[in-house]
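With compact mmCIF, C-alpha atoms (C1' of nucleotides) inside, this is start_17.txt:
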```
# COMPACT_ATOMS: atom_id res chain seq x y z
CA MET K 1 -6.51 -0.52 -4.90
CA SER K 2 -7.61 -0.87 -1.33
CA ALA K 3 -6.35 2.41 0.03
CA ASN K 4 -5.61 2.26 3.71
CA SER K 5 -5.26 4.97 6.28
CA ARG K 6 -2.63 3.38 8.50
CA LEU K 7 0.09 5.81 7.45
CA THR K 8 -2.23 8.74 8.05
CA ILE K 9 -3.19 7.52 11.52
CA ALA K 10 0.41 6.72 12.42
CA ALA K 11 1.65 10.15 11.35
CA HIS K 12 -1.22 11.78 13.22
CA THR K 13 -0.42 9.79 16.36
CA LEU K 14 3.30 10.50 16.44
CA THR K 15 2.80 14.16 15.60
CA TRP K 16 0.26 14.46 18.39
CA ILE K 17 2.63 12.90 20.92
CA GLY K 18 5.44 15.15 19.75
CA LEU K 19 3.40 18.31 20.14
CA TYR K 20 2.06 17.15 23.51
CA GLN K 21 5.56 16.53 24.80
CA ARG K 22 6.74 19.94 23.61
CA ARG K 23 3.99 21.43 25.69
CA GLY K 24 5.59 19.90 28.75
CA HIS K 25 3.92 16.54 29.21
CA GLU K 26 5.95 13.39 29.64
CA VAL K 27 3.60 10.82 28.16
CA ALA K 28 0.39 10.67 26.16
CA THR K 29 -2.33 8.05 26.61
CA SER K 30 -3.95 6.09 23.83
CA GLU K 31 -7.24 7.51 25.07
CA GLN K 32 -6.14 11.08 24.44
CA ILE K 33 -4.73 10.28 21.02
CA ALA K 34 -7.85 8.33 20.06
CA THR K 35 -9.95 11.39 20.87
CA SER K 36 -7.95 13.49 18.43
CA VAL K 37 -7.92 10.80 15.73
CA ASN K 38 -11.57 9.97 16.38
CA THR K 39 -11.19 6.24 16.70
CA ASN K 40 -10.91 3.54 19.35
CA PRO K 41 -7.96 3.57 21.79
CA VAL K 42 -7.12 -0.04 20.94
CA VAL K 43 -6.53 0.93 17.32
CA ILE K 44 -3.98 3.46 18.54
CA ARG K 45 -2.31 1.01 20.93
CA ARG K 46 -1.92 -1.61 18.21
CA LEU K 47 -0.42 0.91 15.84
CA LEU K 48 1.91 2.25 18.53
CA GLY K 49 2.96 -1.33 19.22
CA ASP K 50 4.24 -1.59 15.64
CA LEU K 51 5.91 1.80 15.91
CA ARG K 52 7.62 0.71 19.12
CA LYS K 53 9.00 -2.41 17.41
CA ALA K 54 10.55 -0.09 14.85
CA GLY K 55 12.10 2.06 17.56
CA LEU K 56 9.98 5.13 16.91
CA ALA K 57 7.84 5.11 20.05
CA GLY K 58 8.10 3.87 23.63
CA SER K 59 5.62 3.15 26.39
CA ARG K 60 5.44 3.13 30.17
CA ARG K 61 3.09 0.92 32.16
CA GLY K 62 1.40 1.13 35.50
CA ALA K 63 -0.05 4.30 36.98
CA GLY K 64 0.99 7.42 35.07
CA ALA K 65 1.44 5.20 32.06
CA GLY K 66 1.45 6.32 28.43
CA TRP K 67 3.43 6.70 25.26
CA MET K 68 6.38 8.87 24.30
CA LEU K 69 8.63 9.46 21.30
CA VAL K 70 12.00 7.73 21.20
CA ARG K 71 13.36 10.05 18.51
CA ASP K 72 12.63 13.70 17.90
CA LEU K 73 10.03 14.56 15.27
CA ALA K 74 12.77 15.98 13.06
CA ALA K 75 14.54 12.61 13.07
CA ILE K 76 11.52 10.62 11.85
CA THR K 77 10.63 10.60 8.16
CA LEU K 78 7.38 9.33 6.73
CA LEU K 79 9.45 6.55 5.19
CA ASP K 80 10.42 5.40 8.68
CA VAL K 81 6.77 5.36 9.66
CA TYR K 82 5.74 3.63 6.44
CA GLN K 83 8.29 0.88 6.88
CA ALA K 84 7.25 0.38 10.48
CA ILE K 85 3.63 -0.30 9.63
CA GLU K 86 3.47 -1.53 6.02
CA PRO K 87 5.26 -4.83 5.52
CA GLY K 88 4.08 -5.67 2.00
CA PRO K 89 4.54 -4.17 -1.44
CA VAL K 90 2.04 -1.93 -3.21
CA PHE K 91 1.71 -4.18 -6.26
CA ALA K 92 1.57 -7.96 -6.34
CA LEU K 93 2.35 -10.49 -9.03
CA HIS K 94 -0.14 -13.18 -10.08
CA ARG K 95 -2.00 -14.94 -7.30
CA ALA K 96 -1.63 -18.28 -9.12
CA THR K 97 1.54 -19.00 -11.08
CA PRO K 98 0.92 -18.19 -14.76
CA ASN K 99 1.39 -20.86 -17.41
CA PRO K 100 5.15 -21.45 -17.65
CA GLU K 101 4.82 -23.05 -21.09
CA CYS K 102 3.59 -19.76 -22.51
CA VAL K 103 6.29 -17.25 -23.42
CA VAL K 104 4.41 -14.41 -21.79
CA GLY K 105 3.39 -16.47 -18.78
CA HIS K 106 6.99 -17.44 -18.27
CA GLY K 107 8.61 -14.04 -18.62
CA ILE K 108 6.03 -11.60 -17.28
CA GLY K 109 6.90 -12.12 -13.62
CA PRO K 110 10.51 -10.96 -13.77
CA ALA K 111 9.58 -8.16 -16.18
CA MET K 112 6.96 -6.71 -13.85
CA THR K 113 9.11 -7.24 -10.77
CA ALA K 114 11.76 -4.98 -12.26
CA VAL K 115 9.20 -2.25 -12.81
CA TYR K 116 7.63 -2.63 -9.39
CA ASP K 117 11.02 -2.40 -7.71
CA ASP K 118 11.60 0.95 -9.40
CA VAL K 119 8.13 2.17 -8.44
CA GLU K 120 8.58 1.19 -4.79
CA ALA K 121 11.97 2.89 -4.76
CA ALA K 122 10.42 6.09 -6.10
CA LEU K 123 7.67 5.92 -3.51
CA ARG K 124 10.20 5.49 -0.72
CA ARG K 125 12.34 8.35 -1.99
CA GLU K 126 9.29 10.58 -1.92
CA LEU K 127 8.23 9.55 1.59
CA ALA K 128 11.78 10.08 2.85
CA LYS K 129 11.62 13.73 1.86
CA THR K 130 9.16 14.62 4.62
CA THR K 131 9.83 14.46 8.36
CA LEU K 132 7.21 14.60 11.09
CA GLU K 133 8.69 17.98 11.95
CA ASP K 134 7.64 19.12 8.47
CA VAL K 135 4.20 17.66 9.06
CA LEU K 136 3.84 19.45 12.39
CA ARG K 137 4.92 22.74 10.79
CA ASP K 138 2.22 22.33 8.12
CA VAL K 139 -0.32 21.44 10.78
CA LEU K 140 0.42 24.52 12.88
CA LYS K 141 0.51 26.73 9.81
CA ALA K 142 -3.02 25.67 8.93
CA ALA K 143 -4.34 26.67 12.35
CA MET R 1 -1.13 -2.69 2.43
CA SER R 2 -3.35 -5.03 0.52
CA ALA R 3 -1.24 -5.53 -2.57
CA ASN R 4 -3.28 -6.36 -5.60
CA SER R 5 -2.38 -8.01 -8.84
CA ARG R 6 -4.71 -6.18 -11.18
CA LEU R 7 -1.93 -4.24 -12.86
CA THR R 8 0.08 -7.42 -13.32
CA ILE R 9 -2.85 -9.26 -14.88
CA ALA R 10 -3.75 -6.32 -17.09
CA ALA R 11 -0.20 -5.94 -18.38
CA HIS R 12 0.00 -9.69 -18.95
CA THR R 13 -3.28 -9.66 -20.85
CA LEU R 14 -2.46 -6.76 -23.16
CA THR R 15 1.05 -8.02 -23.81
CA TRP R 16 -0.34 -11.45 -24.68
CA ILE R 17 -2.82 -9.96 -27.15
CA GLY R 18 -0.09 -7.82 -28.69
CA LEU R 19 2.22 -10.77 -29.25
CA TYR R 20 -0.61 -12.90 -30.57
CA GLN R 21 -1.56 -10.26 -33.08
CA ARG R 22 2.02 -9.89 -34.25
CA ARG R 23 2.00 -13.58 -34.99
CA GLY R 24 -0.79 -13.00 -37.47
CA HIS R 25 -3.99 -13.49 -35.53
CA GLU R 26 -6.73 -10.90 -35.59
CA VAL R 27 -8.29 -11.44 -32.18
CA ALA R 28 -7.60 -13.31 -28.95
CA THR R 29 -10.24 -14.94 -26.79
CA SER R 30 -10.57 -14.53 -23.05
CA GLU R 31 -10.26 -18.31 -22.84
CA GLN R 32 -6.80 -18.28 -24.43
CA ILE R 33 -5.59 -15.41 -22.28
CA ALA R 34 -6.97 -17.03 -19.13
CA THR R 35 -4.96 -20.15 -19.91
CA SER R 36 -1.75 -18.12 -20.01
CA VAL R 37 -2.63 -16.12 -16.91
CA ASN R 38 -3.93 -19.21 -15.12
CA THR R 39 -7.24 -17.79 -14.03
CA ASN R 40 -10.89 -17.78 -15.02
CA PRO R 41 -11.93 -16.26 -18.39
CA VAL R 42 -14.48 -14.06 -16.66
CA VAL R 43 -11.72 -12.37 -14.69
CA ILE R 44 -10.04 -11.52 -17.99
CA ARG R 45 -13.23 -10.29 -19.60
CA ARG R 46 -13.98 -8.01 -16.64
CA LEU R 47 -10.51 -6.54 -16.76
CA LEU R 48 -10.62 -6.11 -20.53
CA GLY R 49 -13.94 -4.35 -20.09
CA ASP R 50 -12.19 -1.69 -18.00
CA LEU R 51 -9.36 -1.48 -20.51
CA ARG R 52 -11.84 -0.99 -23.30
CA LYS R 53 -13.50 1.90 -21.47
CA ALA R 54 -10.07 3.53 -21.35
CA GLY R 55 -9.56 3.03 -25.08
CA LEU R 56 -6.76 0.50 -24.76
CA ALA R 57 -8.57 -2.62 -25.98
CA GLY R 58 -11.46 -3.46 -28.25
CA SER R 59 -13.70 -6.45 -28.73
CA ARG R 60 -15.67 -8.15 -31.47
CA ARG R 61 -18.77 -10.23 -30.78
CA GLY R 62 -20.49 -13.11 -32.50
CA ALA R 63 -18.67 -16.01 -34.13
CA GLY R 64 -14.95 -15.43 -34.53
CA ALA R 65 -15.22 -13.03 -31.63
CA GLY R 66 -12.42 -11.91 -29.38
CA TRP R 67 -10.26 -9.03 -28.22
CA MET R 68 -7.71 -6.83 -29.95
CA LEU R 69 -5.50 -3.86 -29.13
CA VAL R 70 -6.67 -0.40 -30.11
CA ARG R 71 -3.20 1.11 -29.79
CA ASP R 72 0.15 -0.47 -30.48
CA LEU R 73 2.08 -1.88 -27.52
CA ALA R 74 4.63 0.90 -27.91
CA ALA R 75 1.90 3.51 -27.44
CA ILE R 76 0.63 2.09 -24.14
CA THR R 77 2.48 2.87 -20.91
CA LEU R 78 1.95 1.11 -17.61
CA LEU R 79 0.53 4.41 -16.37
CA ASP R 80 -2.19 4.17 -19.02
CA VAL R 81 -2.99 0.68 -17.80
CA TYR R 82 -2.85 1.71 -14.14
CA GLN R 83 -5.24 4.59 -14.66
CA ALA R 84 -7.61 2.38 -16.58
CA ILE R 85 -8.00 -0.13 -13.78
CA GLU R 86 -7.16 1.62 -10.47
CA PRO R 87 -9.61 4.38 -9.63
CA GLY R 88 -8.50 5.11 -6.09
CA PRO R 89 -5.38 6.47 -4.42
CA VAL R 90 -2.70 4.37 -2.74
CA PHE R 91 -3.06 6.11 0.63
CA ALA R 92 -6.24 7.26 2.31
CA LEU R 93 -6.95 9.88 4.94
CA HIS R 94 -8.86 9.09 8.13
CA ARG R 95 -11.96 6.96 7.79
CA ALA R 96 -13.78 9.11 10.33
CA THR R 97 -13.14 12.86 10.41
CA PRO R 98 -10.58 13.60 13.13
CA ASN R 99 -11.42 15.97 15.97
CA PRO R 100 -11.53 19.48 14.39
CA GLU R 101 -11.11 21.13 17.79
CA CYS R 102 -7.65 19.60 18.13
CA VAL R 103 -4.87 21.45 16.34
CA VAL R 104 -3.44 18.24 14.95
CA GLY R 105 -6.82 16.79 14.10
CA HIS R 106 -7.67 19.97 12.24
CA GLY R 107 -4.49 20.36 10.24
CA ILE R 108 -3.30 16.83 9.60
CA GLY R 109 -5.59 16.20 6.64
CA PRO R 110 -4.28 18.94 4.35
CA ALA R 111 -0.71 18.24 5.47
CA MET R 112 -0.88 14.57 4.54
CA THR R 113 -2.79 15.28 1.34
CA ALA R 114 0.09 17.41 0.11
CA VAL R 115 2.52 14.57 0.74
CA TYR R 116 0.29 11.93 -0.81
CA ASP R 117 -0.16 14.02 -3.94
CA ASP R 118 3.60 14.11 -4.39
CA VAL R 119 3.90 10.38 -3.78
CA GLU R 120 1.20 9.57 -6.32
CA ALA R 121 2.85 11.87 -8.83
CA ALA R 122 6.17 10.08 -8.36
CA LEU R 123 4.47 6.73 -8.75
CA ARG R 124 2.81 7.84 -11.96
CA ARG R 125 6.05 9.25 -13.36
CA GLU R 126 7.68 5.91 -12.73
CA LEU R 127 4.90 3.90 -14.34
CA ALA R 128 4.91 6.21 -17.35
CA LYS R 129 8.52 5.29 -18.08
CA THR R 130 7.66 1.77 -19.20
CA THR R 131 5.61 0.85 -22.25
CA LEU R 132 4.10 -2.55 -22.96
CA GLU R 133 6.61 -2.76 -25.80
CA ASP R 134 9.33 -2.60 -23.14
CA VAL R 135 7.56 -5.29 -21.16
CA LEU R 136 7.29 -7.55 -24.22
CA ARG R 137 10.97 -7.05 -24.95
CA ASP R 138 11.85 -8.11 -21.41
CA VAL R 139 9.53 -11.08 -21.66
CA LEU R 140 11.07 -12.32 -24.90
CA LYS R 141 14.57 -11.70 -23.58
CA ALA R 142 13.89 -13.98 -20.65
CA ALA R 143 12.83 -16.86 -22.88
C1' DT P 1 -0.56 -2.84 50.86
C1' DA P 2 -4.72 -1.66 48.41
C1' DG P 3 -6.63 1.10 44.61
C1' DG P 4 -6.89 2.85 40.21
C1' DG P 5 -5.51 4.07 35.70
C1' DT P 6 -3.21 2.40 31.55
C1' DT P 7 -0.88 -0.84 28.70
C1' DG P 8 -0.84 -5.21 25.99
C1' DT P 9 -3.30 -8.49 23.61
C1' DA P 10 -6.84 -11.83 22.34
C1' DA P 11 -11.29 -12.50 20.33
C1' DT P 12 -14.96 -11.13 17.54
C1' DA P 13 -17.57 -8.73 14.03
C1' DG P 14 -18.40 -5.69 10.00
C1' DC P 15 -16.94 -3.67 5.78
C1' DT P 16 -14.62 -3.45 1.37
C1' DA P 17 -11.74 -5.09 -2.40
C1' DT P 18 -10.38 -8.80 -5.03
C1' DG P 19 -10.62 -13.08 -7.26
C1' DG P 20 -12.99 -17.45 -8.71
C1' DT P 21 -17.00 -19.70 -10.48
C1' DT P 22 -21.48 -20.61 -12.64
C1' DA P 23 -25.05 -19.15 -15.47
C1' DC P 24 -27.22 -17.17 -19.28
C1' DG P 25 -28.77 -13.75 -22.63
C1' DA P 26 -26.80 -11.09 -26.72
C1' DC P 27 -24.47 -11.15 -30.75
C1' DT P 28 -22.68 -12.54 -35.40
C1' DA P 29 -19.84 -15.18 -38.87
C1' DA P 30 -20.35 -19.23 -41.31
C1' DT Q 1 -29.77 -22.11 -38.03
C1' DT Q 2 -25.89 -23.12 -35.36
C1' DA Q 3 -21.88 -22.64 -32.76
C1' DG Q 4 -18.67 -19.92 -30.39
C1' DT Q 5 -17.69 -15.88 -27.72
C1' DC Q 6 -18.77 -11.69 -25.47
C1' DG Q 7 -21.03 -9.10 -21.59
C1' DT Q 8 -22.74 -9.18 -17.27
C1' DA Q 9 -25.16 -10.55 -13.16
C1' DA Q 10 -25.04 -13.31 -9.05
C1' DC Q 11 -22.84 -15.61 -5.48
C1' DC Q 12 -19.12 -17.27 -2.58
C1' DA Q 13 -14.44 -17.28 -0.47
C1' DT Q 14 -10.53 -14.90 1.10
C1' DA Q 15 -7.84 -11.19 2.96
C1' DG Q 16 -6.91 -6.74 5.14
C1' DC Q 17 -8.41 -2.94 7.88
C1' DT Q 18 -11.14 -0.91 11.41
C1' DA Q 19 -13.93 -1.02 15.52
C1' DT Q 20 -15.18 -2.90 19.81
C1' DT Q 21 -15.30 -5.63 24.11
C1' DA Q 22 -12.91 -7.90 27.57
C1' DC Q 23 -9.41 -8.83 30.72
C1' DA Q 24 -4.84 -9.85 32.64
C1' DA Q 25 -0.47 -7.44 33.62
C1' DC Q 26 1.71 -3.64 35.38
C1' DC Q 27 3.16 0.02 38.63
C1' DC Q 28 2.68 4.62 40.76
C1' DT Q 29 0.44 6.74 44.65
C1' DA Q 30 -1.85 7.23 48.72
```

Go through the file and emit its structure as structure tokens.
Amino acid sequence: MSANSRLTIAAHTLTWIGLYQRRGHEVATSEQIATSVNTNPVVIRRLLGDLRKAGLAGSRRGAGAGWMLVRDLAAITLLDVYQAIEPGPVFALHRATPNPECVVGHGIGPAMTAVYDDVEAALRRELAKTTLEDVLRDVLKAA
Amino acid sequence: MSANSRLTIAAHTLTWIGLYQRRGHEVATSEQIATSVNTNPVVIRRLLGDLRKAGLAGSRRGAGAGWMLVRDLAAITLLDVYQAIEPGPVFALHRATPNPECVVGHGIGPAMTAVYDDVEAALRRELAKTTLEDVLRDVLKAA
DNA sequence: TAGGGTTGTAATAGCTATGGTTACGACTAA
DNA sequence: TTAGTCGTAACCATAGCTATTACAACCCTA
């Protein structure tokens, strides 16, 4: 499984903006966030672009530009973030259609789809349990 | 998320062998399985190699060679298969260590790890609910 | 109105995982 | 001895993610 860190980076980014705003700042720049995440600002901007499409983040251009939250941390679950940045499923069926003249080849697709649907549902239920407010609390507790 | 079809192919392969054996044959060849899956025999042999390491499949060499199940279909869950072929986690932390001098950069790792552990546990619970016997039943029902 | 800082996005490159293919030695029943 | 299959290495193609450079678009401020 090619594990990816997009959810981690997205949660980090939104949590950072949330904390920064609570400390009195209006907007955060991709440069500042990238310094905390330890990556390139463009990576952050691209990710925030997806989060903006999902209505989780907003941006301001020109001088004094930057990013802000659209919803409060407590109103954003990790499921919201996940759905904003991960379009595809965790498991895939066959790349090439299996032999339809074989009993197994013919019936395995629907059988596995049913299982995968349940697995994805369980994964989403679990992600929905945690809000970014919870994440921030854990983060501050560790300090 | 780069969805992969390894679990699908593995379940297909083991189910195929199980059905083939119930029809009176001792072993199945990677060639036969590959025809049903619609892929190359080497792909099947590589996958079965992993499944053998996990004690789910066995092989016989020489003339009249081929693959057989070590356990009955009813004694193999999709979790067993998943663990045999997927070493890594679904979600990853940062590729590069985040800035430890930032509160968020310092605490985000443990916070997300706790969530990811719960998600993986839920995923495993879900996969453990289905045996290959269940899969075969679904497959035959669809015919 | 000019300057400067930041967004928004395209283009490119590197890395890793996966899948497909060819090749060939190892093995063993017949 | 032969034939059929495993076991595995080698190589290539594809896809997704990350990193980086570059630059136009934007808009506040002086």

Requested in this report: Could the residues of chain R within 7 Å of chain Q, counting all atoms listed in the file, be given as a PyMOL selection string, please?
Outcome: chain R and resi 2+61-63+65-66

Include C-alpha atoms and write out the residues we just selected as a PDB file, in the coordinates of the input.
```pdb
ATOM      1  CA  SER R   2      -3.350  -5.030   0.520  1.00  0.00           C
ATOM      2  CA  ARG R  61     -18.770 -10.230 -30.780  1.00  0.00           C
ATOM      3  CA  GLY R  62     -20.490 -13.110 -32.500  1.00  0.00           C
ATOM      4  CA  ALA R  63     -18.670 -16.010 -34.130  1.00  0.00           C
ATOM      5  CA  ALA R  65     -15.220 -13.030 -31.630  1.00  0.00           C
ATOM      6  CA  GLY R  66     -12.420 -11.910 -29.380  1.00  0.00           C
TER       7      GLY R  66
END
```

Check which residues of chain K sit at most 12 Å from chain P using only C-alpha atoms (C1' of nucleotides), and return one row each with the closest pair of atoms and their distance in Å to one decimal, ordered by chain and rising number, as JSON lines.
```
{"residue": "K:Met1", "atom": "CA", "partner": "P:DA17", "partner_atom": "C1'", "distance": 7.4}
{"residue": "K:Ser2", "atom": "CA", "partner": "P:DA17", "partner_atom": "C1'", "distance": 6.0}
{"residue": "K:Ala3", "atom": "CA", "partner": "P:DA17", "partner_atom": "C1'", "distance": 9.6}
{"residue": "K:Asn4", "atom": "CA", "partner": "P:DT16", "partner_atom": "C1'", "distance": 10.9}
{"residue": "K:Val27", "atom": "CA", "partner": "P:DT6", "partner_atom": "C1'", "distance": 11.3}
{"residue": "K:Ala28", "atom": "CA", "partner": "P:DT6", "partner_atom": "C1'", "distance": 10.5}
{"residue": "K:Thr29", "atom": "CA", "partner": "P:DT6", "partner_atom": "C1'", "distance": 7.6}
{"residue": "K:Ser30", "atom": "CA", "partner": "P:DT6", "partner_atom": "C1'", "distance": 8.6}
{"residue": "K:Glu31", "atom": "CA", "partner": "P:DT6", "partner_atom": "C1'", "distance": 9.2}
{"residue": "K:Gln32", "atom": "CA", "partner": "P:DT6", "partner_atom": "C1'", "distance": 11.6}
{"residue": "K:Pro41", "atom": "CA", "partner": "P:DT7", "partner_atom": "C1'", "distance": 10.8}
{"residue": "K:Val42", "atom": "CA", "partner": "P:DG8", "partner_atom": "C1'", "distance": 9.6}
{"residue": "K:Val43", "atom": "CA", "partner": "P:DT9", "partner_atom": "C1'", "distance": 11.8}
{"residue": "K:Ile44", "atom": "CA", "partner": "P:DT7", "partner_atom": "C1'", "distance": 11.5}
{"residue": "K:Arg45", "atom": "CA", "partner": "P:DT7", "partner_atom": "C1'", "distance": 8.1}
{"residue": "K:Arg46", "atom": "CA", "partner": "P:DG8", "partner_atom": "C1'", "distance": 8.6}
{"residue": "K:Leu47", "atom": "CA", "partner": "P:DG8", "partner_atom": "C1'", "distance": 11.9}
{"residue": "K:Leu48", "atom": "CA", "partner": "P:DG8", "partner_atom": "C1'", "distance": 10.9}
{"residue": "K:Gly49", "atom": "CA", "partner": "P:DG8", "partner_atom": "C1'", "distance": 8.7}
{"residue": "K:Gly58", "atom": "CA", "partner": "P:DT7", "partner_atom": "C1'", "distance": 11.3}
{"residue": "K:Ser59", "atom": "CA", "partner": "P:DT7", "partner_atom": "C1'", "distance": 8.0}
{"residue": "K:Arg60", "atom": "CA", "partner": "P:DT7", "partner_atom": "C1'", "distance": 7.6}
{"residue": "K:Arg61", "atom": "CA", "partner": "P:DT7", "partner_atom": "C1'", "distance": 5.6}
{"residue": "K:Gly62", "atom": "CA", "partner": "P:DT6", "partner_atom": "C1'", "distance": 6.2}
{"residue": "K:Ala63", "atom": "CA", "partner": "P:DG5", "partner_atom": "C1'", "distance": 5.6}
{"residue": "K:Gly64", "atom": "CA", "partner": "P:DG5", "partner_atom": "C1'", "distance": 7.3}
{"residue": "K:Ala65", "atom": "CA", "partner": "P:DT6", "partner_atom": "C1'", "distance": 5.5}
{"residue": "K:Gly66", "atom": "CA", "partner": "P:DT6", "partner_atom": "C1'", "distance": 6.8}
{"residue": "K:Trp67", "atom": "CA", "partner": "P:DT7", "partner_atom": "C1'", "distance": 9.3}
{"residue": "K:His94", "atom": "CA", "partner": "P:DG19", "partner_atom": "C1'", "distance": 10.9}
{"residue": "K:Arg95", "atom": "CA", "partner": "P:DG19", "partner_atom": "C1'", "distance": 8.8}
{"residue": "K:Ala96", "atom": "CA", "partner": "P:DG19", "partner_atom": "C1'", "distance": 10.6}
```

Report task. May I have the protein, DNA and RNA residues with an atom at most 12 Å from (8.0, 10.7, -12.3), counting only C-alpha atoms (C1' of nucleotides) in the file's coordinates, returned as number ranges by chain? Result -> K: 118-119, 121-123, 125-126; R: 79, 118-130

Export of the given selection (C-alpha atoms) as an mmCIF file, in the frame of the given file:
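Below you can see again.cif, which holds the result:
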```
data_model
loop_
_atom_site.group_PDB
_atom_site.id
_atom_site.type_symbol
_atom_site.label_atom_id
_atom_site.label_comp_id
_atom_site.auth_asym_id
_atom_site.auth_seq_id
_atom_site.Cartn_x
_atom_site.Cartn_y
_atom_site.Cartn_z
ATOM 1 C CA ASP K 118 11.600 0.950 -9.400
ATOM 2 C CA VAL K 119 8.130 2.170 -8.440
ATOM 3 C CA ALA K 121 11.970 2.890 -4.760
ATOM 4 C CA ALA K 122 10.420 6.090 -6.100
ATOM 5 C CA LEU K 123 7.670 5.920 -3.510
ATOM 6 C CA ARG K 125 12.340 8.350 -1.990
ATOM 7 C CA GLU K 126 9.290 10.580 -1.920
ATOM 8 C CA LEU R 79 0.530 4.410 -16.370
ATOM 9 C CA ASP R 118 3.600 14.110 -4.390
ATOM 10 C CA VAL R 119 3.900 10.380 -3.780
ATOM 11 C CA GLU R 120 1.200 9.570 -6.320
ATOM 12 C CA ALA R 121 2.850 11.870 -8.830
ATOM 13 C CA ALA R 122 6.170 10.080 -8.360
ATOM 14 C CA LEU R 123 4.470 6.730 -8.750
ATOM 15 C CA ARG R 124 2.810 7.840 -11.960
ATOM 16 C CA ARG R 125 6.050 9.250 -13.360
ATOM 17 C CA GLU R 126 7.680 5.910 -12.730
ATOM 18 C CA LEU R 127 4.900 3.900 -14.340
ATOM 19 C CA ALA R 128 4.910 6.210 -17.350
ATOM 20 C CA LYS R 129 8.520 5.290 -18.080
ATOM 21 C CA THR R 130 7.660 1.770 -19.200
#
```

Given all atoms listed in the file, how would the per-residue table for chain K near chain R read, listing every residue at most 7 Å away with its closest atom pair and distance in Å to one decimal, sorted by chain and number, as CSV?
```
residue,atom,partner,partner_atom,distance
K:Met1,CA,R:Glu86,CA,6.0
K:Ser2,CA,R:Ser2,CA,6.2
K:Ala3,CA,R:Val90,CA,5.0
K:Asn4,CA,R:Ala92,CA,5.2
K:Ser5,CA,R:Ala92,CA,4.7
K:Thr8,CA,R:Leu93,CA,5.8
K:Ile9,CA,R:His94,CA,6.8
K:His12,CA,R:Ile108,CA,6.6
K:Trp16,CA,R:Val104,CA,6.3
K:Thr35,CA,R:Asn99,CA,6.9
K:Ser36,CA,R:Asn99,CA,4.9
K:Val37,CA,R:Pro98,CA,4.7
K:Asn38,CA,R:Pro98,CA,5.0
K:Glu86,CA,R:Met1,CA,5.9
K:Gly88,CA,R:Met1,CA,6.0
K:Pro89,CA,R:Ala3,CA,6.0
K:Val90,CA,R:Ala3,CA,4.9
K:Phe91,CA,R:Ala3,CA,4.9
K:Ala92,CA,R:Ser5,CA,4.7
K:Leu93,CA,R:Ser5,CA,5.3
K:His94,CA,R:Ser5,CA,5.8
K:Ala96,CA,R:Asn38,CA,6.5
K:Thr97,CA,R:Asn38,CA,6.8
K:Pro98,CA,R:Val37,CA,4.6
K:Asn99,CA,R:Ser36,CA,4.9
K:Cys102,CA,R:Ser36,CA,6.1
K:Val103,CA,R:Ala143,CA,6.6
K:Val104,CA,R:Val139,CA,6.1
K:Gly105,CA,R:Ser36,CA,5.5
K:Gly107,CA,R:Val139,CA,4.3
K:Ile108,CA,R:Val139,CA,5.6
K:Ala111,CA,R:Asp138,CA,5.7
K:Met112,CA,R:Thr8,CA,6.9
K:Val119,CA,R:Glu126,CA,5.7
K:Ala122,CA,R:Ala122,CA,6.3
K:Leu123,CA,R:Val119,CA,5.8
K:Glu126,CA,R:Val119,CA,5.7
K:Leu127,CA,R:Val119,CA,6.9
K:Val135,CA,R:Ala111,CA,6.1
K:Asp138,CA,R:Ala111,CA,5.7
K:Val139,CA,R:Gly107,CA,4.3
K:Leu140,CA,R:Gly107,CA,7.0
K:Ala142,CA,R:Gly107,CA,5.7
K:Ala143,CA,R:Val103,CA,6.6
```

Query - 7 Å contact set for Thr131 in chain K, all atoms listed in the file, chain neighbours under 4 positions out, as a list in words - result: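 After dropping sequence-adjacent residues, the list is Leu73, Ala74, Ala75, Ile76, Thr77, Leu78 and Val135 of chain K.
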
Report task. Have a look at CA of Glu133 in chain K and CA of Asp72 in chain K and let me know their distance in Å, one decimal. Result ->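 About the pair CA of Glu133 in chain K and CA of Asp72 in chain K: they are 8.3 Å apart.
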
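You will find CA of Gln21 in chain R at 18.8 Å from CA of Val81 in chain R.
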
Query - Å distance separating CA of Leu69 in chain K from CA of Asp117 in chain R, one decimal place - result: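 Computing it gives 27.1 Å between the two atoms.
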
Padding 3 Å on every side, please: axis-aligned box over the listed atoms of range 14-17 of chain P, centre and edge lengths to one decimal in Å, as JSON.
```
{"center_x": -15.1, "center_y": -4.6, "center_z": 3.8, "size_x": 12.7, "size_y": 8.2, "size_z": 18.4}
```
